[in-house]
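Asks: Got a structure for you, target-v1.cif, holding mmCIF, N, CA and C atoms.
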data_final
loop_
_atom_site.label_atom_id
_atom_site.label_comp_id
_atom_site.auth_asym_id
_atom_site.auth_seq_id
_atom_site.Cartn_x
_atom_site.Cartn_y
_atom_site.Cartn_z
N MET A 9 6.25 -10.17 -14.99
CA MET A 9 7.67 -10.35 -15.26
C MET A 9 8.52 -9.54 -14.27
N GLU A 10 8.08 -8.29 -14.03
CA GLU A 10 8.83 -7.43 -13.10
C GLU A 10 8.84 -8.01 -11.69
N LEU A 11 7.70 -8.59 -11.25
CA LEU A 11 7.62 -9.20 -9.93
C LEU A 11 8.57 -10.39 -9.81
N ILE A 12 8.68 -11.16 -10.87
CA ILE A 12 9.60 -12.31 -10.86
C ILE A 12 11.04 -11.83 -10.75
N LEU A 13 11.38 -10.79 -11.48
CA LEU A 13 12.74 -10.25 -11.43
C LEU A 13 13.07 -9.71 -10.04
N ILE A 14 12.15 -8.96 -9.47
CA ILE A 14 12.36 -8.42 -8.12
C ILE A 14 12.47 -9.56 -7.11
N SER A 15 11.61 -10.56 -7.23
CA SER A 15 11.65 -11.71 -6.31
C SER A 15 12.98 -12.44 -6.43
N GLY A 16 13.46 -12.61 -7.65
CA GLY A 16 14.75 -13.26 -7.85
C GLY A 16 15.89 -12.48 -7.24
N LEU A 17 15.85 -11.16 -7.41
CA LEU A 17 16.91 -10.32 -6.84
C LEU A 17 16.87 -10.33 -5.31
N VAL A 18 15.68 -10.29 -4.74
CA VAL A 18 15.55 -10.36 -3.28
C VAL A 18 16.05 -11.71 -2.78
N SER A 19 15.75 -12.79 -3.51
CA SER A 19 16.24 -14.11 -3.13
C SER A 19 17.76 -14.17 -3.18
N LEU A 20 18.35 -13.58 -4.21
CA LEU A 20 19.80 -13.54 -4.30
C LEU A 20 20.40 -12.75 -3.14
N LEU A 21 19.78 -11.64 -2.80
CA LEU A 21 20.24 -10.85 -1.67
C LEU A 21 20.16 -11.67 -0.37
N GLY A 22 19.08 -12.43 -0.21
CA GLY A 22 18.96 -13.30 0.96
C GLY A 22 20.04 -14.37 0.98
N GLY A 23 20.35 -14.93 -0.18
CA GLY A 23 21.42 -15.92 -0.26
C GLY A 23 22.77 -15.34 0.09
N ILE A 24 23.02 -14.12 -0.37
CA ILE A 24 24.27 -13.44 -0.01
C ILE A 24 24.33 -13.24 1.50
N ALA A 25 23.21 -12.83 2.09
CA ALA A 25 23.16 -12.61 3.54
C ALA A 25 23.43 -13.91 4.30
N VAL A 26 22.84 -15.02 3.84
CA VAL A 26 23.08 -16.31 4.50
C VAL A 26 24.55 -16.70 4.37
N GLY A 27 25.10 -16.48 3.17
CA GLY A 27 26.50 -16.82 2.95
C GLY A 27 27.46 -16.02 3.81
N LEU A 28 27.10 -14.80 4.12
CA LEU A 28 27.94 -13.95 4.98
C LEU A 28 27.65 -14.16 6.46
N GLN A 29 26.38 -14.40 6.79
CA GLN A 29 26.01 -14.53 8.20
C GLN A 29 26.71 -15.70 8.87
N GLY A 30 26.81 -16.83 8.18
CA GLY A 30 27.43 -18.01 8.78
C GLY A 30 28.85 -17.75 9.23
N PRO A 31 29.72 -17.34 8.32
CA PRO A 31 31.10 -17.08 8.75
C PRO A 31 31.22 -15.97 9.80
N LEU A 32 30.41 -14.91 9.66
CA LEU A 32 30.51 -13.81 10.63
C LEU A 32 30.06 -14.26 12.02
N SER A 33 28.94 -14.99 12.09
CA SER A 33 28.48 -15.44 13.42
C SER A 33 29.42 -16.50 13.97
N SER A 34 30.05 -17.27 13.08
CA SER A 34 31.04 -18.25 13.54
C SER A 34 32.25 -17.57 14.16
N ILE A 35 32.66 -16.45 13.60
CA ILE A 35 33.77 -15.68 14.19
C ILE A 35 33.41 -15.23 15.60
N ILE A 36 32.19 -14.74 15.75
CA ILE A 36 31.74 -14.32 17.09
C ILE A 36 31.74 -15.53 18.02
N GLY A 37 31.21 -16.67 17.54
CA GLY A 37 31.12 -17.87 18.35
C GLY A 37 32.48 -18.39 18.78
N GLN A 38 33.46 -18.31 17.89
CA GLN A 38 34.81 -18.77 18.25
C GLN A 38 35.45 -17.88 19.29
N ASN A 39 35.10 -16.61 19.27
CA ASN A 39 35.73 -15.66 20.20
C ASN A 39 35.06 -15.60 21.56
N ILE A 40 33.72 -15.73 21.59
CA ILE A 40 33.05 -15.57 22.89
C ILE A 40 32.14 -16.74 23.26
N GLY A 41 31.89 -17.67 22.35
CA GLY A 41 31.04 -18.81 22.65
C GLY A 41 29.80 -18.86 21.76
N ILE A 42 29.28 -20.06 21.58
CA ILE A 42 28.15 -20.26 20.67
C ILE A 42 26.89 -19.56 21.18
N LEU A 43 26.51 -19.80 22.44
CA LEU A 43 25.29 -19.17 22.96
C LEU A 43 25.39 -17.65 22.98
N GLU A 44 26.56 -17.17 23.29
CA GLU A 44 26.76 -15.72 23.30
C GLU A 44 26.61 -15.16 21.89
N SER A 45 27.13 -15.88 20.91
CA SER A 45 27.01 -15.46 19.52
C SER A 45 25.55 -15.46 19.07
N VAL A 46 24.82 -16.51 19.43
CA VAL A 46 23.41 -16.59 19.08
C VAL A 46 22.66 -15.40 19.66
N PHE A 47 22.97 -15.07 20.91
CA PHE A 47 22.34 -13.93 21.56
C PHE A 47 22.63 -12.63 20.82
N ILE A 48 23.90 -12.40 20.49
CA ILE A 48 24.29 -11.16 19.81
C ILE A 48 23.64 -11.07 18.43
N VAL A 49 23.65 -12.17 17.68
CA VAL A 49 23.06 -12.16 16.34
C VAL A 49 21.56 -11.86 16.42
N HIS A 50 20.86 -12.51 17.32
CA HIS A 50 19.42 -12.28 17.41
C HIS A 50 19.09 -10.92 18.03
N LEU A 51 19.91 -10.47 18.95
CA LEU A 51 19.70 -9.13 19.51
C LEU A 51 19.86 -8.07 18.41
N GLY A 52 20.88 -8.23 17.58
CA GLY A 52 21.07 -7.29 16.48
C GLY A 52 19.89 -7.30 15.53
N GLY A 53 19.38 -8.50 15.21
CA GLY A 53 18.21 -8.59 14.35
C GLY A 53 16.97 -7.99 15.00
N ALA A 54 16.81 -8.23 16.30
CA ALA A 54 15.65 -7.69 17.02
C ALA A 54 15.70 -6.17 17.06
N VAL A 55 16.89 -5.61 17.28
CA VAL A 55 17.02 -4.15 17.33
C VAL A 55 16.67 -3.55 15.96
N LEU A 56 17.20 -4.14 14.89
CA LEU A 56 16.90 -3.61 13.55
C LEU A 56 15.42 -3.76 13.23
N ALA A 57 14.84 -4.93 13.51
CA ALA A 57 13.41 -5.14 13.25
C ALA A 57 12.57 -4.17 14.07
N GLY A 58 12.95 -3.98 15.35
CA GLY A 58 12.22 -3.04 16.19
C GLY A 58 12.29 -1.62 15.66
N PHE A 59 13.46 -1.24 15.19
CA PHE A 59 13.65 0.09 14.60
C PHE A 59 12.76 0.26 13.37
N LEU A 60 12.74 -0.73 12.50
CA LEU A 60 11.92 -0.66 11.30
C LEU A 60 10.43 -0.65 11.64
N LEU A 61 10.03 -1.45 12.64
CA LEU A 61 8.63 -1.44 13.07
C LEU A 61 8.24 -0.11 13.67
N LEU A 62 9.15 0.48 14.42
CA LEU A 62 8.88 1.77 15.05
C LEU A 62 8.56 2.83 13.99
N PHE A 63 9.34 2.82 12.92
CA PHE A 63 9.14 3.83 11.88
C PHE A 63 8.06 3.46 10.88
N SER A 64 7.51 2.24 10.98
CA SER A 64 6.41 1.88 10.10
C SER A 64 5.08 1.86 10.86
N GLY A 65 5.11 2.37 12.08
CA GLY A 65 3.88 2.44 12.87
C GLY A 65 3.48 1.12 13.49
N GLY A 66 4.41 0.18 13.58
CA GLY A 66 4.12 -1.10 14.22
C GLY A 66 3.62 -2.16 13.27
N GLY A 67 3.33 -1.77 12.04
CA GLY A 67 2.87 -2.75 11.07
C GLY A 67 1.65 -3.49 11.59
N ASN A 68 1.62 -4.78 11.41
CA ASN A 68 0.51 -5.62 11.84
C ASN A 68 0.92 -6.50 13.03
N LEU A 69 1.87 -6.02 13.81
CA LEU A 69 2.42 -6.78 14.93
C LEU A 69 1.35 -7.17 15.95
N SER A 70 0.34 -6.35 16.12
CA SER A 70 -0.69 -6.63 17.13
C SER A 70 -1.51 -7.87 16.78
N ALA A 71 -1.44 -8.36 15.57
CA ALA A 71 -2.21 -9.54 15.15
C ALA A 71 -1.44 -10.83 15.39
N TRP A 72 -0.36 -10.80 16.17
CA TRP A 72 0.46 -11.99 16.37
C TRP A 72 -0.34 -13.14 16.98
N ARG A 73 -1.38 -12.84 17.72
CA ARG A 73 -2.18 -13.89 18.36
C ARG A 73 -2.95 -14.73 17.35
N SER A 74 -3.12 -14.23 16.13
CA SER A 74 -3.85 -14.98 15.11
C SER A 74 -2.96 -16.01 14.40
N VAL A 75 -1.67 -15.99 14.70
CA VAL A 75 -0.73 -16.92 14.09
C VAL A 75 -0.84 -18.27 14.80
N PRO A 76 -0.87 -19.39 14.04
CA PRO A 76 -0.91 -20.70 14.71
C PRO A 76 0.29 -20.87 15.65
N TRP A 77 0.06 -21.55 16.77
CA TRP A 77 1.11 -21.69 17.80
C TRP A 77 2.38 -22.30 17.23
N TYR A 78 2.26 -23.29 16.35
CA TYR A 78 3.44 -23.97 15.83
C TYR A 78 4.28 -23.08 14.93
N ALA A 79 3.68 -22.05 14.35
CA ALA A 79 4.44 -21.12 13.51
C ALA A 79 5.38 -20.26 14.35
N LEU A 80 5.05 -20.09 15.62
CA LEU A 80 5.89 -19.31 16.51
C LEU A 80 7.20 -20.02 16.85
N MET A 81 7.31 -21.29 16.45
CA MET A 81 8.56 -22.03 16.65
C MET A 81 9.66 -21.51 15.72
N ALA A 82 9.33 -20.68 14.76
CA ALA A 82 10.32 -20.17 13.82
C ALA A 82 11.47 -19.48 14.54
N GLY A 83 11.18 -18.77 15.61
CA GLY A 83 12.23 -18.11 16.39
C GLY A 83 13.19 -19.12 17.01
N PHE A 84 12.65 -20.20 17.56
CA PHE A 84 13.49 -21.24 18.13
C PHE A 84 14.34 -21.91 17.05
N LEU A 85 13.73 -22.10 15.88
CA LEU A 85 14.47 -22.71 14.78
C LEU A 85 15.60 -21.81 14.30
N GLY A 86 15.37 -20.50 14.36
CA GLY A 86 16.44 -19.55 14.02
C GLY A 86 17.62 -19.70 14.96
N LEU A 87 17.34 -19.92 16.24
CA LEU A 87 18.41 -20.16 17.21
C LEU A 87 19.18 -21.43 16.87
N LEU A 88 18.45 -22.46 16.44
CA LEU A 88 19.10 -23.71 16.06
C LEU A 88 19.98 -23.52 14.82
N VAL A 89 19.50 -22.75 13.87
CA VAL A 89 20.28 -22.48 12.65
C VAL A 89 21.60 -21.80 13.00
N ILE A 90 21.52 -20.72 13.76
CA ILE A 90 22.74 -19.97 14.10
C ILE A 90 23.68 -20.83 14.95
N SER A 91 23.12 -21.59 15.89
CA SER A 91 23.96 -22.44 16.73
C SER A 91 24.66 -23.51 15.91
N SER A 92 23.95 -24.13 14.97
CA SER A 92 24.57 -25.18 14.17
C SER A 92 25.63 -24.61 13.24
N VAL A 93 25.40 -23.42 12.72
CA VAL A 93 26.40 -22.76 11.87
C VAL A 93 27.65 -22.44 12.69
N ASN A 94 27.46 -21.88 13.88
CA ASN A 94 28.59 -21.54 14.74
C ASN A 94 29.40 -22.77 15.13
N PHE A 95 28.72 -23.88 15.32
CA PHE A 95 29.41 -25.11 15.70
C PHE A 95 30.12 -25.75 14.51
N SER A 96 29.45 -25.78 13.37
CA SER A 96 29.94 -26.54 12.22
C SER A 96 31.03 -25.86 11.41
N ILE A 97 30.93 -24.58 11.17
CA ILE A 97 31.88 -23.90 10.29
C ILE A 97 33.33 -24.06 10.75
N PRO A 98 33.64 -23.85 12.03
CA PRO A 98 35.05 -24.02 12.43
C PRO A 98 35.54 -25.47 12.30
N ARG A 99 34.63 -26.42 12.27
CA ARG A 99 35.01 -27.83 12.25
C ARG A 99 35.07 -28.44 10.84
N ILE A 100 34.09 -28.06 9.98
CA ILE A 100 34.07 -28.67 8.64
C ILE A 100 34.14 -27.64 7.52
N GLY A 101 34.13 -26.34 7.85
CA GLY A 101 34.25 -25.30 6.84
C GLY A 101 32.91 -24.75 6.38
N VAL A 102 33.00 -23.60 5.72
CA VAL A 102 31.79 -22.90 5.27
C VAL A 102 31.07 -23.70 4.18
N SER A 103 31.80 -24.14 3.17
CA SER A 103 31.16 -24.83 2.04
C SER A 103 30.45 -26.10 2.48
N ALA A 104 31.11 -26.91 3.28
CA ALA A 104 30.49 -28.17 3.73
C ALA A 104 29.28 -27.88 4.61
N THR A 105 29.39 -26.90 5.49
CA THR A 105 28.27 -26.55 6.36
C THR A 105 27.07 -26.12 5.53
N ILE A 106 27.29 -25.22 4.59
CA ILE A 106 26.19 -24.74 3.75
C ILE A 106 25.64 -25.87 2.89
N ALA A 107 26.51 -26.72 2.37
CA ALA A 107 26.04 -27.85 1.54
C ALA A 107 25.13 -28.78 2.35
N PHE A 108 25.54 -29.12 3.57
CA PHE A 108 24.70 -29.97 4.41
C PHE A 108 23.38 -29.28 4.75
N MET A 109 23.46 -28.00 5.07
CA MET A 109 22.25 -27.28 5.45
C MET A 109 21.28 -27.15 4.27
N VAL A 110 21.81 -26.84 3.10
CA VAL A 110 20.94 -26.71 1.92
C VAL A 110 20.34 -28.07 1.56
N THR A 111 21.14 -29.13 1.67
CA THR A 111 20.62 -30.48 1.39
C THR A 111 19.46 -30.81 2.32
N ALA A 112 19.66 -30.56 3.62
CA ALA A 112 18.59 -30.82 4.59
C ALA A 112 17.37 -29.94 4.31
N GLN A 113 17.62 -28.69 3.95
CA GLN A 113 16.53 -27.77 3.65
C GLN A 113 15.72 -28.26 2.46
N LEU A 114 16.40 -28.72 1.42
CA LEU A 114 15.70 -29.22 0.24
C LEU A 114 14.89 -30.48 0.56
N LEU A 115 15.47 -31.38 1.36
CA LEU A 115 14.75 -32.60 1.71
C LEU A 115 13.49 -32.29 2.53
N VAL A 116 13.61 -31.41 3.50
CA VAL A 116 12.45 -31.03 4.31
C VAL A 116 11.41 -30.31 3.43
N SER A 117 11.88 -29.42 2.56
CA SER A 117 10.95 -28.70 1.68
C SER A 117 10.21 -29.65 0.76
N MET A 118 10.92 -30.65 0.22
CA MET A 118 10.27 -31.64 -0.65
C MET A 118 9.21 -32.42 0.11
N ALA A 119 9.51 -32.81 1.34
CA ALA A 119 8.53 -33.56 2.14
C ALA A 119 7.32 -32.68 2.46
N LEU A 120 7.56 -31.44 2.85
CA LEU A 120 6.45 -30.53 3.16
C LEU A 120 5.57 -30.30 1.93
N ASP A 121 6.20 -30.10 0.76
CA ASP A 121 5.44 -29.90 -0.47
C ASP A 121 4.69 -31.16 -0.87
N HIS A 122 5.36 -32.29 -0.79
CA HIS A 122 4.76 -33.55 -1.22
C HIS A 122 3.51 -33.88 -0.40
N TYR A 123 3.59 -33.69 0.90
CA TYR A 123 2.48 -34.05 1.77
C TYR A 123 1.56 -32.87 2.06
N GLY A 124 1.84 -31.71 1.49
CA GLY A 124 0.97 -30.55 1.67
C GLY A 124 0.95 -30.03 3.09
N LEU A 125 2.07 -30.15 3.79
CA LEU A 125 2.14 -29.70 5.18
C LEU A 125 2.52 -28.22 5.25
N LEU A 126 2.07 -27.57 6.28
CA LEU A 126 2.34 -26.16 6.56
C LEU A 126 1.89 -25.30 5.39
#
Would you write out, as C-alpha cells, the structure that this file holds?
Replies:
Amino acid sequence: MELILISGLVSLLGGIAVGLQGPLSSIIGQNIGILESVFIVHLGGAVLAGFLLLFSGGGNLSAWRSVPWYALMAGFLGLLVISSVNFSIPRIGVSATIAFMVTAQLLVSMALDHYGLL
C-alpha cells in the first residue's frame, strides 16, 4: 500500500513538472528560438543529472552498453517532445497542446500494451 501511495505521489509530481515544463520552455523558445530552447532545457537536465550521478558514485552508468540500441532513441524523442511543445503552445495554447500530447501518448501506450511491444 505504501509503495502505491509513493508511486502515485511521484507520478503527480511528474505531471506537475510536465505541466510547468511546457509553458516555461515555450517562453524560452519564443524569446530565443525553438532549437536554442531545446538545447537549454536539455543542458539544464544534463547538468542536474550529472551532478546527481557525481554524488551517487556514477550509479550504473557504465552498463549503458547493455541497453538495446533502440532504447537509446529516448533522448532523441525527448528533443522531439520539447520541440513540439515549444512550437505548439504559442499557437494553440497549453491545454490544447497537452490534450493532444496526452491523447497521442495514450494511443501509443495502448498499441504497445496490446501488441506486447517494448
Asks: Could the residues of region 68-118 of chain A that have an atom at most 9 Å from region 47-53 of chain A be listed as a Markdown table, each with its closest atom pair and the distance in Å to one decimal, counting only C-alpha atoms and ordered by chain and ascending residue number?
Replies:
| residue | atom | partner | partner_atom | distance |
| --- | --- | --- | --- | --- |
| A:Gly86 | CA | A:His50 | CA | 8.6 |
| A:Leu87 | CA | A:His50 | CA | 7.9 |
| A:Ile90 | CA | A:Val49 | CA | 8.1 |
Asks: Between atom C of Ile106 (chain A) and atom C of Glu10 (chain A), what is the distance, to one decimal in Å?
Replies: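 Separation of atom C of Ile106 (chain A) and atom C of Glu10 (chain A): 28.5 Å.
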Asks: In Å, how far is it from atom C of Val110 (chain A) to CA of Val46 (chain A)?
Replies: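 A separation of 21.2 Å between them.
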Asks: For a cutoff of 10 Å around the file-coordinate point (30.3, -16.8, 13.4), which residues qualify once you count only C-alpha atoms? I'd like the result as a list in words.
Replies: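 Residues with an atom at most 10 Å from (30.3, -16.8, 13.4): Leu28, Gln29, Gly30, Pro31, Leu32, Ser33, Ser34, Ile35, Ile36, Gly37, Gln38, Asn39, Ile40, Gly41, Ile42, Ser45, Val46, Val49, Ile90, Ser91, Val93, Asn94, Phe95, Ser96, Ile97 and Pro98 of chain A.
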Asks: Report the distance between CA of Ser92 (chain A) and atom N of Val26 (chain A) in Å, rounded to one decimal place.
Replies: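 Here the two named atoms are 14.6 Å from each other.
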